[in-house]
Amino acid sequence: MEKQLTLTSQNQMQTLIKNAIKVLCGSAFLALMSQLSIPLPFSPVPLSMQTFAVFLLGAFLGPRIGALSVIAYLAEGSAGLPVFAGGLTNPLWFCSARTGYLIGFVIAAFVIGKTYEYRPQMGFFSSLLTMASGAVTILAVGALWLSIFVGPQAAITMGVLPFLIADSIKIVAAACIAQGFALIKK
């Protein structure tokens with residue numbers, strides 16, 4: 001009986017360590033993709049590859065590990081590490097005009113991950129819709145928060161419309177990658 005408890009404890013510890021490594025790797029991937037950004041002179045929100053990273057984190061790491069990876073990324077930013085778009089350091093990120101987008105990342109990673117968990121063998125069109133749901137989540141939460149700073153109309157103009165084309169491309173690319181890996185697994 002004691003031996004069985006020890007084995008169970010070891011298995012739990014191994015799972016915990018594996019999950020912690022996945023979370024750290026996921027947050028590092030998000031931080032790396034955040035550095036690929038273009039500041040927009042008419043918007044406080046840059047065009048970046050963060051959303052693409054969030055889509056993939058949800059699809060590949062699942063709802064909990066994907067969302068925890070984003071939370072770890074936000075914790076790294078809170079600690080003053082230059083993880084945010086363009087190498088920005090902002091320990092008070094939760095007080096900025098970008099906060100809604102960052103919170104949206106957590107929700108989107110969870111939603112995408114939960115959808116892939118529920119339907120692991122989804123087709124390409126379903127994968128596109130899943131990634132699009134993540135983009136809509138990020139843009140909606142982001143624009144809602146941004147509207148506090150600039151008003152609702154400007155939030156749409158500055159925080160949603162400029163990102164629609166780029167997000168569409170990222171949605172297709174993330175869906176293609178997810179489907180490619182699904183085919184390799186078969």
# chains A, B, ... in the order shown; residues from 1 in each chain; ligands from 1
>>> select_by_dssp(residues="range 13-173 of chain A", states="strand (DSSP E)", output="list in words")
Ser37, Ile38, Leu47 and Ser48 of chain A
>>> atom_distance(atom1="CA of Ala97 in chain A", atom2="CA of Pro41 in chain A")
14.4 Å
>>> atom_distance(atom1="CA of Leu164 in chain A", atom2="CA of Leu146 in chain A")
16.4 Å
>>> residues_around(residues="Asn19 in chain A", least_positions_apart="5", cutoff="10 Å", atoms="only C-alpha atoms", output="list in words")
Met13, Gln14, Leu24, Cys25, Leu61, Arg64, Ile65, Leu68 and Ser69 of chain A
>>> closest_atom_pairs(of="range 22-118 of chain A", to="range 135-141 of chain A", cutoff="10 Å", atoms="only C-alpha atoms", output="JSON lines")
{"residue": "A:Thr51", "atom": "CA", "partner": "A:Ala135", "partner_atom": "CA", "distance": 7.2}
{"residue": "A:Phe52", "atom": "CA", "partner": "A:Ala135", "partner_atom": "CA", "distance": 9.0}
{"residue": "A:Val54", "atom": "CA", "partner": "A:Ala135", "partner_atom": "CA", "distance": 9.3}
{"residue": "A:Phe55", "atom": "CA", "partner": "A:Ala135", "partner_atom": "CA", "distance": 8.2}
{"residue": "A:Thr99", "atom": "CA", "partner": "A:Val141", "partner_atom": "CA", "distance": 9.0}
{"residue": "A:Gly100", "atom": "CA", "partner": "A:Val141", "partner_atom": "CA", "distance": 5.2}
{"residue": "A:Tyr101", "atom": "CA", "partner": "A:Ile138", "partner_atom": "CA", "distance": 5.5}
{"residue": "A:Leu102", "atom": "CA", "partner": "A:Ile138", "partner_atom": "CA", "distance": 7.8}
{"residue": "A:Ile103", "atom": "CA", "partner": "A:Val141", "partner_atom": "CA", "distance": 7.4}
{"residue": "A:Gly104", "atom": "CA", "partner": "A:Ile138", "partner_atom": "CA", "distance": 4.3}
{"residue": "A:Phe105", "atom": "CA", "partner": "A:Ile138", "partner_atom": "CA", "distance": 5.9}
{"residue": "A:Val106", "atom": "CA", "partner": "A:Ile138", "partner_atom": "CA", "distance": 8.8}
{"residue": "A:Ile107", "atom": "CA", "partner": "A:Thr137", "partner_atom": "CA", "distance": 7.2}
{"residue": "A:Ala108", "atom": "CA", "partner": "A:Thr137", "partner_atom": "CA", "distance": 5.9}
{"residue": "A:Ala109", "atom": "CA", "partner": "A:Ile138", "partner_atom": "CA", "distance": 9.6}
{"residue": "A:Val111", "atom": "CA", "partner": "A:Thr137", "partner_atom": "CA", "distance": 8.8}
{"residue": "A:Ile112", "atom": "CA", "partner": "A:Ala135", "partner_atom": "CA", "distance": 9.8}
>>> write_last_selection(atoms="N, CA and C atoms", output="CSV table (one decimal), in the first residue's frame")
chain,number,residue,atom,x,y,z
A,51,THR,N,-1.4,37.4,-30.9
A,51,THR,CA,-2.7,36.6,-31.1
A,51,THR,C,-2.4,35.3,-31.7
A,52,PHE,N,-1.5,35.2,-32.7
A,52,PHE,CA,-1.1,34.0,-33.4
A,52,PHE,C,-0.6,33.0,-32.3
A,54,VAL,N,-1.2,33.0,-29.1
A,54,VAL,CA,-2.3,32.6,-28.2
A,54,VAL,C,-3.2,31.5,-28.9
A,55,PHE,N,-3.5,31.7,-30.2
A,55,PHE,CA,-4.2,30.6,-30.9
A,55,PHE,C,-3.5,29.3,-30.8
A,99,THR,N,-4.8,46.6,-21.6
A,99,THR,CA,-5.1,45.5,-20.6
A,99,THR,C,-6.2,44.6,-21.1
A,100,GLY,N,-7.2,45.1,-21.7
A,100,GLY,CA,-8.3,44.2,-22.2
A,100,GLY,C,-7.9,43.2,-23.2
A,101,TYR,N,-6.9,43.5,-24.0
A,101,TYR,CA,-6.4,42.6,-25.0
A,101,TYR,C,-5.6,41.5,-24.3
A,102,LEU,N,-4.8,41.9,-23.3
A,102,LEU,CA,-4.0,40.9,-22.5
A,102,LEU,C,-4.9,40.0,-21.7
A,103,ILE,N,-6.0,40.5,-21.1
A,103,ILE,CA,-6.9,39.6,-20.5
A,103,ILE,C,-7.7,38.7,-21.5
A,104,GLY,N,-8.0,39.3,-22.6
A,104,GLY,CA,-8.6,38.5,-23.7
A,104,GLY,C,-7.7,37.4,-24.2
A,105,PHE,N,-6.4,37.5,-24.1
A,105,PHE,CA,-5.5,36.4,-24.4
A,105,PHE,C,-5.8,35.2,-23.6
A,106,VAL,N,-5.9,35.4,-22.3
A,106,VAL,CA,-6.2,34.3,-21.3
A,106,VAL,C,-7.5,33.6,-21.7
A,107,ILE,N,-8.5,34.4,-21.9
A,107,ILE,CA,-9.8,33.8,-22.2
A,107,ILE,C,-9.8,33.1,-23.5
A,108,ALA,N,-9.2,33.7,-24.5
A,108,ALA,CA,-9.1,33.1,-25.9
A,108,ALA,C,-8.3,31.8,-25.8
A,109,ALA,N,-7.2,31.7,-25.1
A,109,ALA,CA,-6.4,30.5,-25.0
A,109,ALA,C,-7.3,29.4,-24.4
A,111,VAL,N,-10.7,29.2,-24.3
A,111,VAL,CA,-11.8,28.9,-25.2
A,111,VAL,C,-11.3,28.0,-26.4
A,112,ILE,N,-10.2,28.4,-27.0
A,112,ILE,CA,-9.7,27.6,-28.1
A,112,ILE,C,-9.3,26.2,-27.6
>>> residues_around(residues="range 82-88 of chain A", least_positions_apart="3", cutoff="8 Å", atoms="only C-alpha atoms", output="number ranges by chain")
A: 31-32, 34-38, 46, 48, 50, 73, 76-77
>>> residues_around(residues="Ala174 in chain A", least_positions_apart="6", cutoff="12 Å", atoms="only C-alpha atoms", output="PyMOL selection string")
chain A and resi 49-60+112+124+127-132+134-135+167-168+180-181
>>> write_last_selection(atoms="N, CA and C atoms", output="mmCIF file, in the first residue's frame")
data_model
loop_
_atom_site.group_PDB
_atom_site.id
_atom_site.type_symbol
_atom_site.label_atom_id
_atom_site.label_comp_id
_atom_site.auth_asym_id
_atom_site.auth_seq_id
_atom_site.Cartn_x
_atom_site.Cartn_y
_atom_site.Cartn_z
ATOM 1 N N MET A 49 2.352 39.512 -33.304
ATOM 2 C CA MET A 49 2.091 38.088 -33.484
ATOM 3 C C MET A 49 1.605 37.434 -32.190
ATOM 4 N N GLN A 50 1.259 38.240 -31.201
ATOM 5 C CA GLN A 50 0.771 37.710 -29.937
ATOM 6 C C GLN A 50 -0.476 36.855 -30.129
ATOM 7 N N THR A 51 -1.433 37.355 -30.905
ATOM 8 C CA THR A 51 -2.674 36.601 -31.078
ATOM 9 C C THR A 51 -2.412 35.258 -31.743
ATOM 10 N N PHE A 52 -1.511 35.236 -32.702
ATOM 11 C CA PHE A 52 -1.139 33.981 -33.357
ATOM 12 C C PHE A 52 -0.605 32.996 -32.321
ATOM 13 N N ALA A 53 0.255 33.486 -31.429
ATOM 14 C CA ALA A 53 0.804 32.629 -30.368
ATOM 15 C C ALA A 53 -0.304 32.129 -29.452
ATOM 16 N N VAL A 54 -1.238 32.993 -29.100
ATOM 17 C CA VAL A 54 -2.345 32.598 -28.220
ATOM 18 C C VAL A 54 -3.186 31.508 -28.883
ATOM 19 N N PHE A 55 -3.456 31.656 -30.186
ATOM 20 C CA PHE A 55 -4.228 30.634 -30.910
ATOM 21 C C PHE A 55 -3.536 29.270 -30.794
ATOM 22 N N LEU A 56 -2.233 29.261 -31.023
ATOM 23 C CA LEU A 56 -1.486 27.996 -30.994
ATOM 24 C C LEU A 56 -1.364 27.438 -29.577
ATOM 25 N N LEU A 57 -1.212 28.321 -28.596
ATOM 26 C CA LEU A 57 -1.139 27.846 -27.202
ATOM 27 C C LEU A 57 -2.418 27.117 -26.825
ATOM 28 N N GLY A 58 -3.549 27.689 -27.172
ATOM 29 C CA GLY A 58 -4.815 27.037 -26.867
ATOM 30 C C GLY A 58 -4.963 25.713 -27.591
ATOM 31 N N ALA A 59 -4.612 25.712 -28.881
ATOM 32 C CA ALA A 59 -4.788 24.506 -29.697
ATOM 33 C C ALA A 59 -3.875 23.367 -29.252
ATOM 34 N N PHE A 60 -2.641 23.676 -28.902
ATOM 35 C CA PHE A 60 -1.671 22.623 -28.614
ATOM 36 C C PHE A 60 -1.515 22.286 -27.131
ATOM 37 N N ILE A 112 -10.206 28.372 -26.998
ATOM 38 C CA ILE A 112 -9.657 27.576 -28.102
ATOM 39 C C ILE A 112 -9.256 26.192 -27.597
ATOM 40 N N PHE A 124 -10.901 21.331 -40.951
ATOM 41 C CA PHE A 124 -10.265 22.626 -41.176
ATOM 42 C C PHE A 124 -11.236 23.783 -40.943
ATOM 43 N N SER A 127 -11.744 24.290 -37.364
ATOM 44 C CA SER A 127 -10.523 24.873 -36.801
ATOM 45 C C SER A 127 -10.474 26.377 -37.079
ATOM 46 N N LEU A 128 -10.860 26.771 -38.288
ATOM 47 C CA LEU A 128 -10.924 28.199 -38.617
ATOM 48 C C LEU A 128 -11.898 28.928 -37.686
ATOM 49 N N LEU A 129 -13.068 28.334 -37.494
ATOM 50 C CA LEU A 129 -14.062 28.956 -36.621
ATOM 51 C C LEU A 129 -13.569 29.043 -35.176
ATOM 52 N N THR A 130 -12.843 28.025 -34.745
ATOM 53 C CA THR A 130 -12.302 28.025 -33.386
ATOM 54 C C THR A 130 -11.284 29.146 -33.214
ATOM 55 N N MET A 131 -10.371 29.281 -34.163
ATOM 56 C CA MET A 131 -9.374 30.361 -34.101
ATOM 57 C C MET A 131 -10.064 31.721 -34.190
ATOM 58 N N ALA A 132 -11.085 31.816 -35.050
ATOM 59 C CA ALA A 132 -11.822 33.075 -35.183
ATOM 60 C C ALA A 132 -12.530 33.440 -33.878
ATOM 61 N N GLY A 134 -11.432 32.816 -30.969
ATOM 62 C CA GLY A 134 -10.380 33.373 -30.124
ATOM 63 C C GLY A 134 -10.083 34.822 -30.486
ATOM 64 N N ALA A 135 -10.017 35.112 -31.792
ATOM 65 C CA ALA A 135 -9.754 36.482 -32.237
ATOM 66 C C ALA A 135 -10.886 37.419 -31.826
ATOM 67 N N ASP A 167 -5.481 39.698 -38.425
ATOM 68 C CA ASP A 167 -6.029 38.596 -37.630
ATOM 69 C C ASP A 167 -6.588 37.499 -38.527
ATOM 70 N N SER A 168 -7.185 37.875 -39.641
ATOM 71 C CA SER A 168 -7.692 36.871 -40.584
ATOM 72 C C SER A 168 -6.563 35.990 -41.103
ATOM 73 N N GLY A 180 -2.296 20.601 -39.783
ATOM 74 C CA GLY A 180 -1.095 19.874 -40.205
ATOM 75 C C GLY A 180 -0.601 18.935 -39.130
ATOM 76 N N PHE A 181 -0.574 19.402 -37.899
ATOM 77 C CA PHE A 181 -0.149 18.539 -36.802
ATOM 78 C C PHE A 181 -1.151 17.437 -36.544
#
>>> residues_around(residues="Gln121 in chain A", least_positions_apart="5", cutoff="10 Å", atoms="only C-alpha atoms", output="MDAnalysis selection string")
chainID A and resid 116 126:127 179 182:183 186
>>> residues_around(residues="Phe110 in chain A", least_positions_apart="3", cutoff="6 Å", atoms="only C-alpha atoms", output="PyMOL selection string")
chain A and resi 63+67+107+113-114
>>> write_last_selection(atoms="N, CA and C atoms", output="PDB file, in the first residue's frame")
ATOM      1  N   PRO A  63      -6.873  23.901 -22.698  1.00  0.00           N
ATOM      2  CA  PRO A  63      -7.444  25.074 -22.034  1.00  0.00           C
ATOM      3  C   PRO A  63      -6.690  25.528 -20.783  1.00  0.00           C
ATOM      4  N   ALA A  67      -4.047  28.652 -21.030  1.00  0.00           N
ATOM      5  CA  ALA A  67      -4.391  29.853 -20.266  1.00  0.00           C
ATOM      6  C   ALA A  67      -3.328  30.150 -19.201  1.00  0.00           C
ATOM      7  N   ILE A 107      -8.517  34.387 -21.886  1.00  0.00           N
ATOM      8  CA  ILE A 107      -9.831  33.817 -22.203  1.00  0.00           C
ATOM      9  C   ILE A 107      -9.782  33.079 -23.528  1.00  0.00           C
ATOM     10  N   GLY A 113      -8.556  26.164 -26.469  1.00  0.00           N
ATOM     11  CA  GLY A 113      -8.133  24.885 -25.900  1.00  0.00           C
ATOM     12  C   GLY A 113      -9.301  23.996 -25.542  1.00  0.00           C
ATOM     13  N   LYS A 114     -10.354  24.580 -24.978  1.00  0.00           N
ATOM     14  CA  LYS A 114     -11.529  23.804 -24.592  1.00  0.00           C
ATOM     15  C   LYS A 114     -12.215  23.233 -25.830  1.00  0.00           C
TER      16      LYS A 114
END
>>> atom_distance(atom1="CA of Met122 in chain A", atom2="CA of Gly26 in chain A")
22.7 Å
>>> closest_residue(among="A:Gly159, A:Gly66, A:Pro39, A:Pro152", to="Ser27 in chain A", atoms="only C-alpha atoms")
A:Gly66
>>> closest_residue(among="A:Leu47, A:Leu92, A:Ile184, A:Leu74", to="Pro162 in chain A", atoms="only C-alpha atoms")
A:Leu47
>>> select_by_dssp(residues="range 72-155 of chain A", states="alpha helix (DSSP H)", output="MDAnalysis selection string")
chainID A and resid 72:78 99:118 124:150 152:155
>>> write_last_selection(atoms="C-alpha atoms", output="compact mmCIF listing (two decimals), in the first residue's frame")
# COMPACT_ATOMS: atom_id res chain seq x y z
CA ALA A 72 2.68 33.23 -16.62
CA TYR A 73 3.50 35.67 -19.45
CA LEU A 74 1.48 38.38 -17.67
CA ALA A 75 3.23 37.56 -14.38
CA GLU A 76 6.59 37.92 -16.15
CA GLY A 77 5.46 41.33 -17.39
CA SER A 78 4.32 42.26 -13.88
CA THR A 99 -5.15 45.53 -20.59
CA GLY A 100 -8.33 44.23 -22.20
CA TYR A 101 -6.38 42.58 -25.00
CA LEU A 102 -4.02 40.91 -22.53
CA ILE A 103 -6.94 39.61 -20.45
CA GLY A 104 -8.58 38.53 -23.72
CA PHE A 105 -5.49 36.40 -24.43
CA VAL A 106 -6.17 34.30 -21.32
CA ILE A 107 -9.83 33.82 -22.20
CA ALA A 108 -9.09 33.07 -25.87
CA ALA A 109 -6.42 30.46 -25.04
CA PHE A 110 -8.91 28.76 -22.71
CA VAL A 111 -11.79 28.88 -25.23
CA ILE A 112 -9.66 27.58 -28.10
CA GLY A 113 -8.13 24.88 -25.90
CA LYS A 114 -11.53 23.80 -24.59
CA THR A 115 -12.89 23.53 -28.13
CA TYR A 116 -9.93 21.40 -29.25
CA GLU A 117 -10.28 19.30 -26.11
CA TYR A 118 -13.97 18.74 -26.86
CA PHE A 124 -10.26 22.63 -41.18
CA PHE A 125 -13.42 24.76 -41.27
CA SER A 126 -14.13 24.03 -37.60
CA SER A 127 -10.52 24.87 -36.80
CA LEU A 128 -10.92 28.20 -38.62
CA LEU A 129 -14.06 28.96 -36.62
CA THR A 130 -12.30 28.03 -33.39
CA MET A 131 -9.37 30.36 -34.10
CA ALA A 132 -11.82 33.07 -35.18
CA SER A 133 -13.68 32.72 -31.88
CA GLY A 134 -10.38 33.37 -30.12
CA ALA A 135 -9.75 36.48 -32.24
CA VAL A 136 -13.28 37.79 -31.60
CA THR A 137 -12.80 37.21 -27.87
CA ILE A 138 -9.52 39.13 -27.83
CA LEU A 139 -10.86 42.01 -29.92
CA ALA A 140 -14.13 42.25 -27.97
CA VAL A 141 -12.53 42.25 -24.51
CA GLY A 142 -9.75 44.53 -25.74
CA ALA A 143 -12.07 47.05 -27.38
CA LEU A 144 -14.40 47.05 -24.39
CA TRP A 145 -11.51 47.97 -22.08
CA LEU A 146 -10.04 50.43 -24.59
CA SER A 147 -13.41 52.21 -24.77
CA ILE A 148 -12.89 53.31 -21.16
CA PHE A 149 -9.90 55.34 -22.37
CA VAL A 150 -11.06 56.57 -25.79
CA PRO A 152 -16.74 53.23 -27.84
CA GLN A 153 -16.51 54.61 -31.39
CA ALA A 154 -12.76 55.28 -31.18
CA ALA A 155 -12.22 51.87 -29.57
